[in-house]
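Shown next: target.tsv, given as TSV, C-alpha atoms.
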chain	number	residue	atom	x	y	z
L	169	MET	CA	10.71	24.50	-17.08
L	170	ILE	CA	13.91	26.00	-18.51
L	171	VAL	CA	17.07	23.88	-18.38
L	172	LEU	CA	20.43	25.62	-18.84
L	173	ASP	CA	23.94	24.21	-19.09
L	174	HIS	CA	26.15	27.04	-17.82
L	175	PRO	CA	28.83	25.60	-15.50
L	176	GLN	CA	27.96	26.32	-11.88
L	177	GLY	CA	29.78	29.41	-10.67
L	178	SER	CA	30.40	30.74	-14.19
L	179	ASP	CA	29.39	34.23	-15.30
L	180	GLY	CA	26.58	32.79	-17.43
L	181	TRP	CA	25.26	30.81	-14.46
L	182	LEU	CA	25.38	33.85	-12.18
L	183	ARG	CA	23.57	36.03	-14.72
L	184	ALA	CA	20.90	33.41	-15.41
L	185	ARG	CA	20.01	33.50	-11.69
L	186	ILE	CA	19.54	37.29	-11.52
L	187	GLY	CA	16.25	38.10	-9.80
L	188	ALA	CA	15.46	34.43	-9.11
L	189	CYS	CA	14.84	32.86	-5.72
L	190	THR	CA	17.13	29.81	-5.76
L	191	ALA	CA	16.69	26.46	-4.05
L	192	SER	CA	19.78	26.71	-1.87
L	193	ARG	CA	18.03	29.64	-0.13
L	194	PHE	CA	14.45	28.35	-0.11
L	195	SER	CA	14.81	27.78	3.65
L	196	ASP	CA	15.65	31.47	4.12
L	197	ALA	CA	12.80	32.55	1.84
L	198	ARG	CA	10.13	30.61	3.71
L	199	ALA	CA	11.46	31.21	7.23
L	200	LYS	CA	8.91	32.66	9.65
L	201	LEU	CA	9.03	33.87	13.23
L	202	THR	CA	7.88	31.18	15.63
L	203	ARG	CA	6.71	33.66	18.27
L	204	ALA	CA	5.99	37.35	18.64
L	205	SER	CA	8.97	39.58	19.36
L	206	LYS	CA	10.15	43.13	18.75
L	207	ASN	CA	10.83	42.02	15.16
L	208	GLY	CA	7.22	41.04	14.43
L	209	ASN	CA	4.42	38.63	15.14
L	210	ALA	CA	4.47	34.87	14.96
L	211	GLY	CA	4.15	33.85	11.32
L	212	ASP	CA	5.81	37.01	9.97
L	213	PRO	CA	8.91	36.64	7.75
L	214	THR	CA	12.20	36.47	9.62
L	215	GLY	CA	14.97	39.00	9.17
L	216	ASP	CA	16.78	36.58	6.85
L	217	ALA	CA	13.69	36.30	4.62
L	218	ILE	CA	13.28	40.09	4.45
L	219	LYS	CA	16.98	40.60	3.72
L	220	TYR	CA	16.86	38.05	0.91
L	221	ALA	CA	13.71	39.65	-0.55
L	222	TRP	CA	15.41	43.06	-0.73
L	223	LEU	CA	18.44	41.47	-2.40
L	224	ILE	CA	16.29	39.90	-5.12
L	225	ALA	CA	14.36	43.16	-5.64
L	226	ILE	CA	17.47	45.30	-6.06
L	227	GLU	CA	19.18	42.62	-8.17
L	228	THR	CA	16.14	42.60	-10.48
L	229	ILE	CA	16.46	46.34	-11.07
L	230	ALA	CA	20.26	46.35	-11.35
L	231	GLN	CA	20.35	43.28	-13.62
L	232	GLU	CA	23.62	42.36	-11.94
L	233	PRO	CA	24.31	39.41	-9.60
L	234	LEU	CA	24.49	40.99	-6.14
L	235	ASP	CA	24.60	38.01	-3.79
L	236	ASP	CA	27.98	38.55	-2.12
L	237	THR	CA	28.09	35.22	-0.30
L	238	PHE	CA	31.70	34.58	0.60
L	239	VAL	CA	33.07	31.43	-1.05
L	240	THR	CA	34.69	29.52	1.79
L	241	TYR	CA	37.32	26.82	1.56
L	242	ALA	CA	34.64	24.22	2.31
L	243	MET	CA	32.51	25.50	-0.60
L	244	ARG	CA	35.47	25.41	-3.00
L	245	ARG	CA	36.34	21.94	-1.81
L	246	GLY	CA	32.77	20.78	-2.43
L	247	ARG	CA	32.85	22.10	-6.00
L	248	ASP	CA	36.22	20.45	-6.64
L	249	LEU	CA	35.03	17.09	-5.31
L	250	GLU	CA	31.66	17.10	-7.08
L	251	PRO	CA	32.87	15.45	-10.34
L	252	GLN	CA	34.63	12.77	-8.30
L	253	ALA	CA	31.49	12.18	-6.26
L	254	ARG	CA	29.38	11.90	-9.42
L	255	ARG	CA	31.75	9.33	-10.94
L	256	SER	CA	31.80	7.29	-7.73
L	257	TYR	CA	27.99	7.32	-7.63
L	258	GLU	CA	27.78	6.18	-11.27
L	259	VAL	CA	30.27	3.34	-10.73
L	260	ARG	CA	28.57	2.00	-7.60
L	261	THR	CA	24.96	2.36	-8.75
L	262	GLY	CA	25.40	1.63	-12.47
L	263	ALA	CA	23.39	4.76	-13.28
L	264	MET	CA	24.41	7.29	-15.91
L	265	ILE	CA	24.00	10.91	-14.83
L	266	GLU	CA	23.14	13.70	-17.25
L	267	GLU	CA	24.90	16.84	-16.09
L	268	VAL	CA	22.76	19.96	-15.98
L	269	SER	CA	23.45	23.33	-14.46
L	270	LEU	CA	20.39	25.39	-13.71
L	271	ILE	CA	16.67	24.69	-13.94
L	272	LEU	CA	14.29	27.65	-13.87
L	273	THR	CA	10.54	27.88	-13.69
L	274	ASP	CA	8.95	29.16	-16.89
L	275	ASP	CA	8.68	32.68	-15.46
L	276	GLY	CA	12.34	32.62	-14.36
L	277	ARG	CA	11.48	33.58	-10.78
L	278	PHE	CA	12.57	30.35	-9.08
L	279	GLY	CA	15.65	28.27	-9.81
L	280	TYR	CA	17.41	25.05	-8.83
L	281	SER	CA	21.07	24.32	-9.53
L	282	SER	CA	20.96	20.58	-10.14
L	283	ASP	CA	23.89	18.21	-9.77
L	284	GLY	CA	22.41	15.92	-12.40
L	285	PHE	CA	19.44	14.04	-13.84
L	286	ARG	CA	19.18	10.30	-13.27
L	287	ASP	CA	17.14	8.29	-15.78
L	288	ASP	CA	13.84	9.89	-16.80
L	289	ASP	CA	12.48	10.79	-13.37
L	290	GLY	CA	15.32	11.27	-10.89
L	291	LEU	CA	17.74	13.89	-9.61
L	292	ILE	CA	20.94	13.73	-7.61
L	293	GLU	CA	21.97	16.31	-5.02
L	294	ILE	CA	25.67	16.08	-4.09
L	295	LYS	CA	27.07	17.30	-0.77
L	296	CYS	CA	30.75	17.13	0.20
L	297	PRO	CA	30.77	18.44	3.79
L	298	LEU	CA	34.04	19.34	5.45
L	299	ALA	CA	32.74	19.47	9.03
L	300	CYS	CA	33.47	16.22	10.83
L	301	ASP	CA	30.36	16.51	13.00
L	302	LYS	CA	28.18	16.66	9.89
L	303	LEU	CA	29.86	13.60	8.44
L	304	GLY	CA	29.46	11.78	11.72
L	305	ALA	CA	25.77	12.72	11.90
L	306	VAL	CA	25.14	11.26	8.43
L	307	TRP	CA	26.42	7.81	9.41
L	308	SER	CA	25.18	7.81	13.02
L	309	ASN	CA	21.65	8.92	12.08
L	310	PRO	CA	21.10	8.15	8.38
L	311	ASP	CA	17.30	8.40	8.59
L	312	GLU	CA	17.63	12.15	9.21
L	313	ALA	CA	20.62	12.88	6.97
L	314	HIS	CA	18.43	14.64	4.39
L	315	LEU	CA	16.59	17.01	6.75
L	316	GLU	CA	19.17	19.80	6.55
L	317	TYR	CA	18.67	19.92	2.77
L	318	ILE	CA	14.97	19.08	2.54
L	319	ASP	CA	13.76	22.48	1.25
L	320	GLN	CA	16.44	22.45	-1.45
L	321	ILE	CA	15.59	18.87	-2.44
L	322	ASN	CA	11.82	19.44	-2.46
L	323	GLY	CA	12.45	22.63	-4.42
L	324	GLY	CA	14.39	20.68	-7.04
L	325	LEU	CA	11.59	18.12	-7.32
L	326	TRP	CA	9.01	20.91	-7.58
L	327	ILE	CA	10.83	22.82	-10.32
L	328	SER	CA	11.96	19.77	-12.32
L	329	GLY	CA	8.75	17.76	-11.93
L	330	ARG	CA	10.82	14.65	-11.18
L	331	LYS	CA	9.80	11.83	-8.84
L	332	TYR	CA	12.79	11.33	-6.57
L	333	CYS	CA	16.15	12.76	-5.58
L	334	ASP	CA	19.19	10.81	-4.43
L	335	LEU	CA	21.10	12.70	-1.76
L	336	VAL	CA	24.77	11.87	-2.29
L	337	VAL	CA	27.16	12.65	0.56
L	338	TYR	CA	30.78	12.14	-0.47
L	339	CYS	CA	33.94	12.24	1.64
L	340	PRO	CA	37.13	10.48	0.49
L	341	TRP	CA	38.50	10.76	4.03
L	342	LEU	CA	36.24	7.86	5.04
L	343	ALA	CA	37.34	5.52	2.23
L	344	PRO	CA	39.46	3.39	4.63
L	345	VAL	CA	36.26	2.23	6.35
L	346	GLY	CA	34.12	2.06	3.19
L	347	LYS	CA	32.05	5.11	4.09
L	348	ASP	CA	33.22	7.60	1.49
L	349	LEU	CA	29.83	7.51	-0.30
L	350	PHE	CA	26.40	7.78	1.33
L	351	VAL	CA	23.22	7.68	-0.79
L	352	LYS	CA	19.67	8.29	0.44
L	353	ARG	CA	16.65	8.41	-1.84
L	354	ILE	CA	13.97	11.02	-1.10
L	355	HIS	CA	10.71	10.41	-2.94
L	356	ARG	CA	8.43	13.18	-4.10
L	357	ASN	CA	6.01	14.30	-1.37
L	358	GLU	CA	3.19	16.32	-2.91
L	359	GLU	CA	1.96	17.69	0.41
L	360	ALA	CA	5.42	18.98	1.37
L	361	ILE	CA	5.98	20.43	-2.11
L	362	GLN	CA	2.62	22.22	-2.03
L	363	ALA	CA	3.48	23.77	1.35
L	364	LEU	CA	6.85	24.86	-0.03
L	365	GLU	CA	5.27	26.37	-3.16
L	366	THR	CA	2.71	28.29	-1.09
L	367	ASP	CA	5.44	29.81	1.08
L	368	LEU	CA	7.62	30.69	-1.90
L	369	VAL	CA	4.77	32.40	-3.76
L	370	ALA	CA	4.09	34.47	-0.60
L	371	PHE	CA	7.78	35.34	-0.43
L	372	MET	CA	7.75	36.51	-4.04
L	373	ARG	CA	4.77	38.75	-3.26
L	374	MET	CA	7.00	40.41	-0.66
L	375	VAL	CA	9.70	40.84	-3.32
L	376	ASP	CA	7.10	42.43	-5.63
L	377	GLY	CA	6.10	44.81	-2.84
L	378	PHE	CA	9.71	45.88	-2.43
L	379	LEU	CA	10.02	46.32	-6.19
L	380	ALA	CA	6.96	48.58	-6.15
L	381	VAL	CA	8.59	50.74	-3.47
L	382	LEU	CA	11.80	51.04	-5.48
L	383	ARG	CA	10.03	51.82	-8.76
L	384	ARG	CA	7.64	54.42	-7.33
L	385	PRO	CA	8.65	57.94	-8.44
L	386	ALA	CA	10.06	59.82	-5.46
L	387	LYS	CA	12.18	62.78	-4.52
L	388	MET	CA	15.68	62.46	-3.11
L	389	SER	CA	14.12	62.58	0.35
L	390	GLY	CA	11.93	59.59	-0.42
L	391	ARG	CA	8.75	61.65	-0.47
L	392	PRO	CA	6.34	61.15	-3.39
L	393	LYS	CA	7.05	63.37	-6.39
L	394	ASP	CA	3.48	64.60	-6.60
L	395	GLU	CA	3.84	66.62	-3.38
L	396	SER	CA	4.30	70.39	-3.40
L	397	ALA	CA	7.42	71.48	-5.26
L	398	ALA	CA	8.68	73.44	-2.23
L	399	PRO	CA	10.86	71.12	-0.12
L	400	ALA	CA	9.93	70.76	3.50
L	401	ALA	CA	12.48	71.71	6.16
L	402	ASP	CA	12.70	68.14	7.42
L	403	ASP	CA	13.43	66.97	3.85
L	404	MET	CA	16.43	69.27	3.77
L	405	ALA	CA	17.55	68.19	7.22
L	406	GLN	CA	17.57	64.54	6.12
L	407	LEU	CA	19.76	65.42	3.15
L	408	ASP	CA	22.02	67.70	5.25
L	409	ILE	CA	21.15	70.63	2.95
L	410	ALA	CA	20.35	74.04	4.43
L	411	PRO	CA	16.83	75.20	3.44
L	412	PRO	CA	16.65	78.37	1.34
L	413	PRO	CA	15.54	81.56	3.13
L	414	ALA	CA	11.83	82.28	3.03
L	415	GLN	CA	12.42	85.56	1.15
L	416	PRO	CA	15.53	86.93	-0.54
L	417	ILE	CA	17.42	89.41	1.62
L	418	PRO	CA	17.60	92.75	-0.25
L	419	ALA	CA	20.99	94.28	-0.79
L	420	PRO	CA	21.53	97.52	1.16
L	421	ALA	CA	20.71	100.69	-0.82
L	422	VAL	CA	23.70	102.84	-1.77
L	423	GLY	CA	23.00	106.59	-2.19
L	424	LEU	CA	25.09	109.16	-4.07
L	425	VAL	CA	26.76	111.71	-1.87
L	426	GLU	CA	27.33	115.19	-3.36
L	427	LEU	CA	30.76	116.40	-2.33
L	428	PRO	CA	31.58	120.14	-2.06
L	429	ALA	CA	33.50	121.47	-5.04
L	430	SER	CA	36.09	123.01	-2.72
L	431	ILE	CA	37.75	119.69	-2.02
L	432	PHE	CA	38.85	119.46	-5.64
L	433	ASN	CA	40.60	122.86	-5.58

Starting from the file, lay out its structure as structure tokens.
Amino acid sequence: MIVLDHPQGSDGWLRARIGACTASRFSDARAKLTRASKNGNAGDPTGDAIKYAWLIAIETIAQEPLDDTFVTYAMRRGRDLEPQARRSYEVRTGAMIEEVSLILTDDGRFGYSSDGFRDDDGLIEIKCPLACDKLGAVWSNPDEAHLEYIDQINGGLWISGRKYCDLVVYCPWLAPVGKDLFVKRIHRNEEAIQALETDLVAFMRMVDGFLAVLRRPAKMSGRPKDESAAPAADDMAQLDIAPPPAQPIPAPAVGLVELPASIFN
């Protein structure tokens, strides 16, 4: 386990995540088709999983952060409220939270951006949703409040090796009724974590397959470089380049014409 302290969203944090499958997208990575369709058979990766695998593969080669997820107002608001949520949690629970930024597996291929360590064996995961229906669902059905984030939470427990995670849902709008802070503890579930790990390892095999495609020597047309040096006509058509003629066209012969001497007199 590698623990880093780059502030979330900073350049150092973005670069530390290059080529890693991160917990906020574990649900995408392990998503599978539930039934056969034109996109594949039941059990095959979904389009979102394939798209994410290509992103990680190309990011690995580029060594640049390429995830262009648009930062919405709700996301910015969540980041701004996170310190306030952490302080409120500490005050009401009496716990002291150690702030950490990013936890990576030893090989650097999987990562979890943690909102903090609690004691020697706990994590906290802070959410500050803006959508009123989400906030209402938390308080109307608290037993299921964690399900939307369960892959991210189990991923954090898997990578950190910790025993529990407190889901912290914070919304100052609900302070007038005493519901600005919701806390639910999710204990480590080895069976669920093993299933998650199995799916993520399979996902990374797909990433490795895409990396092999990208690293394989090839011509501009995509054909293997060990093919005949002469380009095929369809290669040229794909590149919008006219194929060369089969044989050079000889220039017309120009003969010398002997003019009568009389024309110079």

Selection: 12 Å around Arg260 (chain L), only C-alpha atoms, excl. self and same-chain fewer than 3 positions, as a ChimeraX atom specification
/L:253-257,263-264,336,348-351

Ala230 (chain L): which residues within 12 Å, counting only C-alpha atoms, same-chain residues fewer than 6 positions away excluded, as a VMD selection string?
chain L and resid 183 186 to 187 223 to 224 379 382 to 383

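Residues lying within 10 Å of Gly177 (chain L), counting all atoms listed in the file and ignoring same-chain neighbours fewer than 5 positions away, are Leu182, Arg183, Arg247 and Ser269 of chain L.
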
Those same residues, written as a short mmCIF file (atom, residue, chain, number, x, y, z; two decimals), in the frame of the given file with C-alpha atoms?
data_model
loop_
_atom_site.label_atom_id
_atom_site.label_comp_id
_atom_site.auth_asym_id
_atom_site.auth_seq_id
_atom_site.Cartn_x
_atom_site.Cartn_y
_atom_site.Cartn_z
CA LEU L 182 25.38 33.85 -12.18
CA ARG L 183 23.57 36.03 -14.72
CA ARG L 247 32.85 22.10 -6.00
CA SER L 269 23.45 23.33 -14.46
#

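Pairwise distance (CA of Glu316 (chain L), CA of Arg198 (chain L)) equals 14.4 Å.
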
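Interatomic distance, CA of Ala370 (chain L) to CA of Pro213 (chain L): 9.9 Å.
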
Any idea what's packed within 7 Å of Ile321 (chain L), counting only C-alpha atoms, ignoring anything in its chain fewer than 4 positions away? Could you give it as an MDAnalysis selection string?
chainID L and resid 317 325 333

Rounded to one decimal in Å, what is the spacing between CA of Ala221 (chain L) and CA of Ala363 (chain L)?
19.0 Å

For region 300-305 of chain L, find every residue with an atom within 10 Å (counting all atoms listed in the file), except residues of its own chain fewer than 6 positions away, and show them as a list in words.
Glu312, Ala313, Val337, Tyr338, Cys339, Leu342, Lys347, Asp348 and Phe350 of chain L

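Ranking L:Ala197, L:Ala343, L:Ile327, L:Leu291 by their shortest atom-to-atom distance to Ala217 (chain L), with all atoms listed in the file included, puts L:Ala197 first.
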
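For the choices L:Leu368, L:Ala380, L:Ala188, L:Ile226, the atom-to-atom distance to Asp274 (chain L) is smallest for L:Ala188 when using all atoms listed in the file.
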
Taking the point (18.5, 9.4, -2.7) as given in the file, collect each protein or nucleic acid residue that comes within 6 Å of it, counting all atoms listed in the file, and present the set as a ChimeraX atom specification.
/L:333-335,351-354

Which of these residues is nearest to Glu266 (chain L), using all atoms listed in the file: L:Ser192, L:Val306, L:Asp173, L:Gly324?
L:Asp173

Restricting to all atoms listed in the file, whichever of L:Cys189, L:Ile265, L:Leu270, L:Ala299 is closest to Arg286 (chain L) is L:Ile265

Using the incomplete input, complete region 340-366 of chain L to the level of N, CA and C atoms; output as an mmCIF file, in the coordinates of the input.
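Saved file rebuild.cif follows:
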data_model
loop_
_atom_site.group_PDB
_atom_site.id
_atom_site.type_symbol
_atom_site.label_atom_id
_atom_site.label_comp_id
_atom_site.auth_asym_id
_atom_site.auth_seq_id
_atom_site.Cartn_x
_atom_site.Cartn_y
_atom_site.Cartn_z
ATOM 1 N N PRO L 340 36.057 11.469 0.682
ATOM 2 C CA PRO L 340 37.130 10.480 0.490
ATOM 3 C C PRO L 340 37.903 10.163 1.759
ATOM 4 N N TRP L 341 37.821 11.036 2.771
ATOM 5 C CA TRP L 341 38.500 10.760 4.030
ATOM 6 C C TRP L 341 38.047 9.438 4.649
ATOM 7 N N LEU L 342 36.802 9.051 4.403
ATOM 8 C CA LEU L 342 36.240 7.860 5.040
ATOM 9 C C LEU L 342 36.381 6.600 4.185
ATOM 10 N N ALA L 343 37.138 6.701 3.091
ATOM 11 C CA ALA L 343 37.340 5.520 2.230
ATOM 12 C C ALA L 343 37.958 4.343 2.973
ATOM 13 N N PRO L 344 38.871 4.545 3.934
ATOM 14 C CA PRO L 344 39.460 3.390 4.630
ATOM 15 C C PRO L 344 38.450 2.504 5.348
ATOM 16 N N VAL L 345 37.276 3.048 5.689
ATOM 17 C CA VAL L 345 36.260 2.230 6.350
ATOM 18 C C VAL L 345 35.047 2.006 5.440
ATOM 19 N N GLY L 346 35.199 2.309 4.145
ATOM 20 C CA GLY L 346 34.120 2.060 3.190
ATOM 21 C C GLY L 346 32.942 2.999 3.312
ATOM 22 N N LYS L 347 33.151 4.165 3.892
ATOM 23 C CA LYS L 347 32.050 5.110 4.090
ATOM 24 C C LYS L 347 32.309 6.439 3.385
ATOM 25 N N ASP L 348 32.962 6.372 2.255
ATOM 26 C CA ASP L 348 33.220 7.600 1.490
ATOM 27 C C ASP L 348 31.994 8.045 0.705
ATOM 28 N N LEU L 349 31.018 7.162 0.484
ATOM 29 C CA LEU L 349 29.830 7.510 -0.300
ATOM 30 C C LEU L 349 28.569 7.078 0.445
ATOM 31 N N PHE L 350 27.695 8.042 0.694
ATOM 32 C CA PHE L 350 26.400 7.780 1.330
ATOM 33 C C PHE L 350 25.317 8.206 0.337
ATOM 34 N N VAL L 351 24.311 7.372 0.143
ATOM 35 C CA VAL L 351 23.220 7.680 -0.790
ATOM 36 C C VAL L 351 21.884 7.427 -0.092
ATOM 37 N N LYS L 352 21.020 8.432 -0.126
ATOM 38 C CA LYS L 352 19.670 8.290 0.440
ATOM 39 C C LYS L 352 18.672 8.818 -0.569
ATOM 40 N N ARG L 353 17.660 8.012 -0.866
ATOM 41 C CA ARG L 353 16.650 8.410 -1.840
ATOM 42 C C ARG L 353 15.465 9.093 -1.138
ATOM 43 N N ILE L 354 15.126 10.275 -1.613
ATOM 44 C CA ILE L 354 13.970 11.020 -1.100
ATOM 45 C C ILE L 354 12.920 11.055 -2.201
ATOM 46 N N HIS L 355 11.775 10.459 -1.948
ATOM 47 C CA HIS L 355 10.710 10.410 -2.940
ATOM 48 C C HIS L 355 9.857 11.675 -2.880
ATOM 49 N N ARG L 356 9.267 11.983 -3.989
ATOM 50 C CA ARG L 356 8.430 13.180 -4.100
ATOM 51 C C ARG L 356 7.272 13.112 -3.102
ATOM 52 N N ASN L 357 7.082 14.193 -2.353
ATOM 53 C CA ASN L 357 6.010 14.300 -1.370
ATOM 54 C C ASN L 357 5.159 15.502 -1.764
ATOM 55 N N GLU L 358 4.016 15.231 -2.360
ATOM 56 C CA GLU L 358 3.190 16.320 -2.910
ATOM 57 C C GLU L 358 2.730 17.299 -1.843
ATOM 58 N N GLU L 359 2.425 16.795 -0.661
ATOM 59 C CA GLU L 359 1.960 17.690 0.410
ATOM 60 C C GLU L 359 3.074 18.653 0.821
ATOM 61 N N ALA L 360 4.291 18.132 0.988
ATOM 62 C CA ALA L 360 5.420 18.980 1.370
ATOM 63 C C ALA L 360 5.758 19.976 0.261
ATOM 64 N N ILE L 361 5.668 19.541 -0.979
ATOM 65 C CA ILE L 361 5.980 20.430 -2.110
ATOM 66 C C ILE L 361 4.936 21.532 -2.229
ATOM 67 N N GLN L 362 3.674 21.203 -1.978
ATOM 68 C CA GLN L 362 2.620 22.220 -2.030
ATOM 69 C C GLN L 362 2.824 23.274 -0.949
ATOM 70 N N ALA L 363 3.209 22.820 0.263
ATOM 71 C CA ALA L 363 3.480 23.770 1.350
ATOM 72 C C ALA L 363 4.660 24.670 0.996
ATOM 73 N N LEU L 364 5.692 24.086 0.397
ATOM 74 C CA LEU L 364 6.850 24.860 -0.030
ATOM 75 C C LEU L 364 6.450 25.894 -1.088
ATOM 76 N N GLU L 365 5.687 25.462 -2.084
ATOM 77 C CA GLU L 365 5.270 26.370 -3.160
ATOM 78 C C GLU L 365 4.450 27.529 -2.607
ATOM 79 N N THR L 366 3.547 27.240 -1.688
ATOM 80 C CA THR L 366 2.710 28.290 -1.090
ATOM 81 C C THR L 366 3.577 29.339 -0.398
#
